[in-house]
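File shown: run_10.cif (mmCIF, C-alpha atoms and all ligand atoms).
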data_data
loop_
_atom_site.label_atom_id
_atom_site.label_comp_id
_atom_site.auth_asym_id
_atom_site.auth_seq_id
_atom_site.Cartn_x
_atom_site.Cartn_y
_atom_site.Cartn_z
CA MET A 1 57.50 -43.58 75.16
CA ARG A 2 53.79 -42.85 75.13
CA ILE A 3 52.51 -39.37 74.39
CA LEU A 4 49.14 -37.72 74.94
CA LEU A 5 48.47 -35.25 72.13
CA VAL A 6 45.91 -32.54 72.99
CA GLU A 7 44.99 -30.75 69.77
CA ASP A 8 41.67 -29.68 68.22
CA ASP A 9 43.05 -29.17 64.71
CA LEU A 10 42.32 -32.65 63.37
CA PRO A 11 44.46 -32.63 60.20
CA LEU A 12 47.41 -31.40 62.28
CA ALA A 13 46.73 -34.00 64.97
CA GLN A 14 46.55 -36.81 62.42
CA GLY A 15 49.72 -35.66 60.71
CA LEU A 16 51.52 -35.48 64.05
CA GLN A 17 50.33 -38.92 65.08
CA ILE A 18 51.63 -40.40 61.84
CA SER A 19 55.00 -38.64 62.13
CA LEU A 20 55.47 -39.48 65.79
CA ARG A 21 54.50 -43.13 65.32
CA HIS A 22 57.01 -43.25 62.51
CA GLN A 23 59.58 -42.08 65.11
CA ASP A 24 58.55 -45.01 67.35
CA PHE A 25 56.47 -43.05 69.83
CA ALA A 26 53.04 -44.32 70.89
CA VAL A 27 50.51 -41.47 70.62
CA ASP A 28 46.98 -41.10 71.96
CA HIS A 29 44.94 -38.09 70.88
CA VAL A 30 42.22 -36.01 72.57
CA LYS A 31 40.54 -32.92 71.08
CA ASN A 32 39.76 -30.77 74.12
CA GLY A 33 40.88 -29.78 77.59
CA LYS A 34 38.28 -31.75 79.52
CA ASP A 35 39.21 -35.01 77.81
CA ALA A 36 42.88 -34.22 78.41
CA LEU A 37 42.34 -33.79 82.16
CA ASN A 38 40.15 -36.90 82.42
CA THR A 39 42.74 -38.92 80.55
CA LEU A 40 45.67 -37.67 82.58
CA ALA A 41 43.86 -38.54 85.80
CA PHE A 42 43.81 -42.23 84.87
CA ALA A 43 46.07 -43.11 81.97
CA ASP A 44 49.76 -43.69 82.05
CA HIS A 45 51.38 -41.34 79.56
CA ASP A 46 55.02 -40.28 79.64
CA MET A 47 54.51 -36.79 78.27
CA VAL A 48 51.96 -34.37 76.85
CA ILE A 49 51.93 -32.21 73.73
CA LEU A 50 49.44 -29.46 74.50
CA ASP A 51 47.81 -26.98 72.12
CA LEU A 52 46.82 -23.71 73.81
CA GLY A 53 43.80 -22.78 71.68
CA LEU A 54 41.34 -25.51 72.65
CA PRO A 55 37.55 -25.31 72.06
CA ASP A 56 36.43 -25.75 75.69
CA MET A 57 39.20 -24.24 77.77
CA ASP A 58 42.52 -22.52 77.42
CA GLY A 59 45.52 -24.85 77.26
CA LEU A 60 47.15 -22.84 80.03
CA SER A 61 44.21 -23.76 82.31
CA VAL A 62 44.81 -27.42 81.45
CA LEU A 63 48.46 -26.97 82.34
CA LYS A 64 47.57 -25.26 85.63
CA ALA A 65 45.12 -28.02 86.57
CA VAL A 66 47.68 -30.74 85.82
CA ARG A 67 50.32 -29.06 87.97
CA LYS A 68 47.80 -28.39 90.71
CA ASN A 69 47.26 -32.15 90.92
CA LYS A 70 50.99 -32.42 91.59
CA SER A 71 51.59 -34.25 88.35
CA ALA A 72 55.13 -33.70 87.10
CA ILE A 73 54.44 -35.15 83.65
CA PRO A 74 56.52 -33.30 81.02
CA ILE A 75 54.41 -30.96 78.89
CA ILE A 76 55.38 -29.32 75.61
CA ILE A 77 53.14 -26.46 74.53
CA LEU A 78 52.30 -26.11 70.85
CA THR A 79 50.76 -22.82 69.94
CA ALA A 80 50.27 -20.14 67.35
CA ARG A 81 50.86 -17.52 70.08
CA ASP A 82 54.41 -16.38 69.78
CA SER A 83 54.72 -13.39 72.06
CA ILE A 84 57.42 -13.44 74.70
CA GLU A 85 54.74 -12.88 77.38
CA ASP A 86 52.87 -16.02 76.29
CA LYS A 87 56.03 -18.11 76.34
CA VAL A 88 57.10 -16.80 79.74
CA GLN A 89 53.63 -17.41 81.14
CA GLY A 90 53.52 -20.98 79.79
CA LEU A 91 56.95 -21.80 81.16
CA ASP A 92 56.18 -20.15 84.49
CA ILE A 93 53.00 -22.17 84.94
CA GLY A 94 55.03 -25.32 84.46
CA ALA A 95 55.45 -26.17 80.78
CA ASP A 96 58.73 -27.93 80.04
CA ASP A 97 59.07 -26.54 76.56
CA TYR A 98 57.33 -24.33 74.05
CA LEU A 99 57.04 -24.63 70.26
CA VAL A 100 55.40 -22.03 68.03
CA LYS A 101 53.24 -23.13 65.06
CA PRO A 102 54.11 -23.67 62.30
CA PHE A 103 56.92 -25.81 63.62
CA ASN A 104 59.26 -28.30 62.09
CA ILE A 105 58.55 -31.92 63.03
CA ASP A 106 62.28 -32.62 63.38
CA GLU A 107 62.52 -29.88 65.97
CA LEU A 108 59.56 -31.30 67.88
CA THR A 109 61.00 -34.82 67.90
CA ALA A 110 64.42 -33.50 68.95
CA ARG A 111 62.78 -31.80 71.92
CA LEU A 112 60.83 -34.96 72.74
CA ARG A 113 64.11 -36.88 72.77
CA VAL A 114 65.59 -34.33 75.19
CA ILE A 115 62.69 -34.95 77.58
CA GLU A 116 63.01 -38.68 77.05
CA ARG A 117 66.65 -38.54 78.09
CA ARG A 118 65.78 -36.51 81.13
CA LEU A 119 63.24 -39.14 82.18
CA GLY A 120 65.74 -41.93 81.67
CA THR A 121 69.32 -42.53 82.69
CA ALA A 122 70.96 -41.89 79.31
CA ASN A 123 72.51 -38.55 78.38
CA SER A 124 72.87 -38.82 74.63
CA SER A 125 70.92 -40.13 71.65
CA ILE A 126 73.51 -42.89 71.27
CA ILE A 127 73.60 -45.36 74.13
CA ALA A 128 76.27 -48.06 74.19
CA ILE A 129 76.07 -50.87 76.72
CA ASP A 130 78.46 -53.80 76.35
CA ASP A 131 78.40 -54.70 72.65
CA VAL A 132 74.96 -53.21 72.01
CA VAL A 133 74.56 -49.68 70.64
CA ILE A 134 71.21 -47.97 70.17
CA ASP A 135 71.03 -44.79 68.13
CA THR A 136 67.68 -43.23 69.01
CA LEU A 137 68.09 -40.52 66.37
CA ALA A 138 68.67 -42.97 63.51
CA HIS A 139 66.38 -45.62 65.08
CA LYS A 140 69.05 -48.26 64.77
CA VAL A 141 70.43 -50.97 66.99
CA ILE A 142 73.95 -52.15 66.25
CA VAL A 143 75.52 -55.26 67.73
CA ASN A 144 79.16 -55.98 66.90
CA LYS A 145 78.97 -53.51 63.98
CA GLN A 146 75.93 -55.27 62.50
CA VAL A 147 72.61 -53.43 62.27
CA LEU A 148 69.88 -55.52 63.87
CA ASN A 149 66.56 -56.03 62.21
CA LEU A 150 64.02 -55.38 64.98
CA ALA A 151 60.25 -55.08 64.68
CA LYS A 152 58.84 -51.71 65.80
CA LYS A 153 57.62 -52.92 69.20
CA GLU A 154 60.85 -54.86 69.79
CA TYR A 155 62.79 -51.67 69.13
CA MET A 156 60.53 -49.76 71.53
CA VAL A 157 61.06 -52.32 74.31
CA LEU A 158 64.84 -52.36 73.88
CA LYS A 159 64.98 -48.57 73.72
CA LEU A 160 62.99 -48.27 76.95
CA LEU A 161 65.27 -50.74 78.74
CA MET A 162 68.49 -49.13 77.47
CA GLU A 163 67.31 -45.58 78.18
CA ASN A 164 66.56 -46.71 81.72
CA ALA A 165 69.59 -48.94 82.17
CA GLY A 166 70.06 -49.92 85.79
CA ARG A 167 66.35 -49.64 86.54
CA ILE A 168 63.88 -52.49 86.53
CA GLN A 169 60.80 -52.20 84.30
CA SER A 170 57.79 -54.33 85.13
CA ARG A 171 55.79 -56.02 82.40
CA GLU A 172 52.91 -53.59 83.08
CA GLN A 173 55.23 -50.58 82.83
CA ILE A 174 56.66 -51.73 79.53
CA GLU A 175 53.18 -52.41 78.21
CA SER A 176 51.91 -48.94 79.16
CA HIS A 177 54.83 -47.28 77.35
CA LEU A 178 54.23 -49.25 74.15
CA TYR A 179 50.55 -49.51 73.40
CA GLU A 180 48.05 -46.87 72.33
CA TRP A 181 44.31 -46.94 72.99
CA GLY A 182 42.58 -49.52 70.89
CA GLU A 183 45.73 -51.49 70.14
CA GLU A 184 45.27 -55.15 70.88
CA VAL A 185 47.63 -56.49 73.54
CA SER A 186 47.83 -60.20 74.22
CA SER A 187 48.52 -61.16 77.82
CA ASN A 188 52.00 -62.45 77.01
CA ALA A 189 52.88 -59.73 74.46
CA ILE A 190 55.83 -58.35 76.42
CA GLU A 191 57.29 -61.81 77.11
CA VAL A 192 57.07 -62.56 73.39
CA HIS A 193 58.82 -59.29 72.45
CA ILE A 194 61.55 -59.88 75.03
CA SER A 195 62.09 -63.44 73.84
CA ASN A 196 62.32 -62.27 70.21
CA ILE A 197 64.78 -59.50 71.10
CA ARG A 198 66.92 -61.90 73.13
CA LYS A 199 67.40 -64.14 70.11
CA LYS A 200 69.10 -61.22 68.35
CA LEU A 201 71.19 -59.90 71.25
CA PRO A 202 74.19 -61.16 73.23
CA GLU A 203 73.20 -63.73 75.81
CA LYS A 204 72.00 -62.33 79.16
CA PHE A 205 71.94 -58.73 77.88
CA ILE A 206 68.35 -58.37 79.07
CA LYS A 207 68.05 -59.76 82.57
CA THR A 208 64.86 -61.12 84.06
CA ILE A 209 64.26 -60.18 87.66
CA ARG A 210 61.92 -62.93 88.70
CA GLY A 211 58.50 -61.70 89.76
CA VAL A 212 59.49 -58.06 89.19
CA GLY A 213 60.40 -57.39 85.58
CA TYR A 214 63.30 -56.84 83.21
CA THR A 215 66.45 -54.78 83.21
CA VAL A 216 69.58 -53.95 81.29
CA GLU A 217 72.56 -53.26 83.52
CA SER A 218 74.29 -49.93 82.97
CA CA A 301 43.85 -25.13 68.51
#
Would you mind writing the file's structure down as structure tokens?
Amino acid sequence: MRILLVEDDLPLAQGLQISLRHQDFAVDHVKNGKDALNTLAFADHDMVILDLGLPDMDGLSVLKAVRKNKSAIPIIILTARDSIEDKVQGLDIGADDYLVKPFNIDELTARLRVIERRLGTANSSIIAIDDVVIDTLAHKVIVNKQVLNLAKKEYMVLKLLMENAGRIQSREQIESHLYEWGEEVSSNAIEVHISNIRKKLPEKFIKTIRGVGYTVES
């Protein structure tokens, strides 16, 4: 899951990036509304965390512009404004959720997981398919009661496939969910991750759809 964080408070943004990366999200950061809109026009993020008090424009205007372009990308508003009117306005314009600063990081990540589930096919933080169980709250994968030792990116790939069980993910799609700006991606990175994960999982758990991508059957 790749997030665009729009926040002009740099210490807060850095802290959030660290916390969210620790929770296995990929996070790109922009500091103002214009950069947010330019980014969303071209990049491939799964959701947006949007501050309302931005230096160049109001976050609500960013939200309006995104929705006007018919983008349905999930947006969580982060703001110091806590009046009911502000919340209602944000939600009415098309925000998916609303968190008032100061907020608890666990609450933010819980809400991100809710959106993640809505985007995927799973309906709980624990997904069990055949003998493989992924607990997205504890960040653990368990196979036959043994906890697997997966590298961060391997975990992210498996999580994406299991959260979208029954759907096919192309190599490009997987890549865009995993890597932040500036991260080096080798041309066969996804193949390498998949091959490493397969060594640790039951045979044929991840299926290759030739010429299309990968899938886990639900
Ligand atoms: Ca701000």
If the limit is 8 Å from any atom of ligand CA 301 (chain A), counting all atoms listed in the file, which residues qualify? Return them as a list in words.
Glu7, Asp8, Asp9, Asp51, Leu52, Gly53, Leu54, Pro55 and Thr79 of chain A
Write out as a VMD selection string which residues come within 12 Å of A:Gly59 when counting all atoms listed in the file, dropping same-chain ones fewer than 6 positions away.
chain A and resid 5 to 8 31 to 37 48 to 53 65 to 66 75 to 81 86 89 to 90 93 to 95
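The space between atom CA of A:Lys140 and atom CA of A:Leu161 spans 14.7 Å.
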Just want the 8 Å neighbourhood of stretch 114-121 of chain A, counted on all atoms listed in the file, with same-chain residues fewer than 5 positions away dropped. Output as a VMD selection string.
chain A and resid 1 74 163 to 165
Cut-off 8 Å: closest stretch 140-188 of chain A/stretch 196-199 of chain A atom pairs per residue, using all atoms listed in the file, as CSV:
residue,atom,partner,partner_atom,distance
A:Leu150,CA,A:Ile197,CA,7.4
A:Glu154,CA,A:Ile197,CA,6.2
A:Leu158,CA,A:Ile197,CA,7.7
What does the structure give for the distance between atom CA of A:Leu91 and atom CA of A:Ser61, in Å to one decimal?
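Rounded to one decimal, the two atoms are 12.9 Å apart.
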If we draw a sphere of 12 Å around (66.7, -52.5, 75.0), which residues have at least one atom in it when counting only C-alpha atoms? Please report them as a ChimeraX atom specification.
/A:127-130,132-136,140-143,148,150,153-169,174,193-198,200-202,204-207,214-218
May I ask which of the residues A:Asn188, A:Asn69, A:Gln173, A:Gln17 is the closest one to A:Thr109, counting all atoms listed in the file?
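Nearest to A:Thr109: A:Gln17.
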What separation in Å, quoted to one decimal, exists between atom CA of A:Val30 and atom CA of A:Ala138?
28.8 Å
List as a list in words the protein and nucleic acid residues near A:Asn104, meaning an atom at most 12 Å away when only C-alpha atoms are counted, but skip any in the same chain fewer than 6 places from it.
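After dropping sequence-adjacent residues, the list is Leu16, Ser19, Leu78, Ala110 and Arg111 of chain A.
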My list of candidates is A:Gly15, A:Asn123, A:Leu60, A:Lys68. Which is closest to A:Val88 when distances are computed with all atoms listed in the file?
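Among the listed residues, the smallest separation from A:Val88 belongs to A:Leu60.
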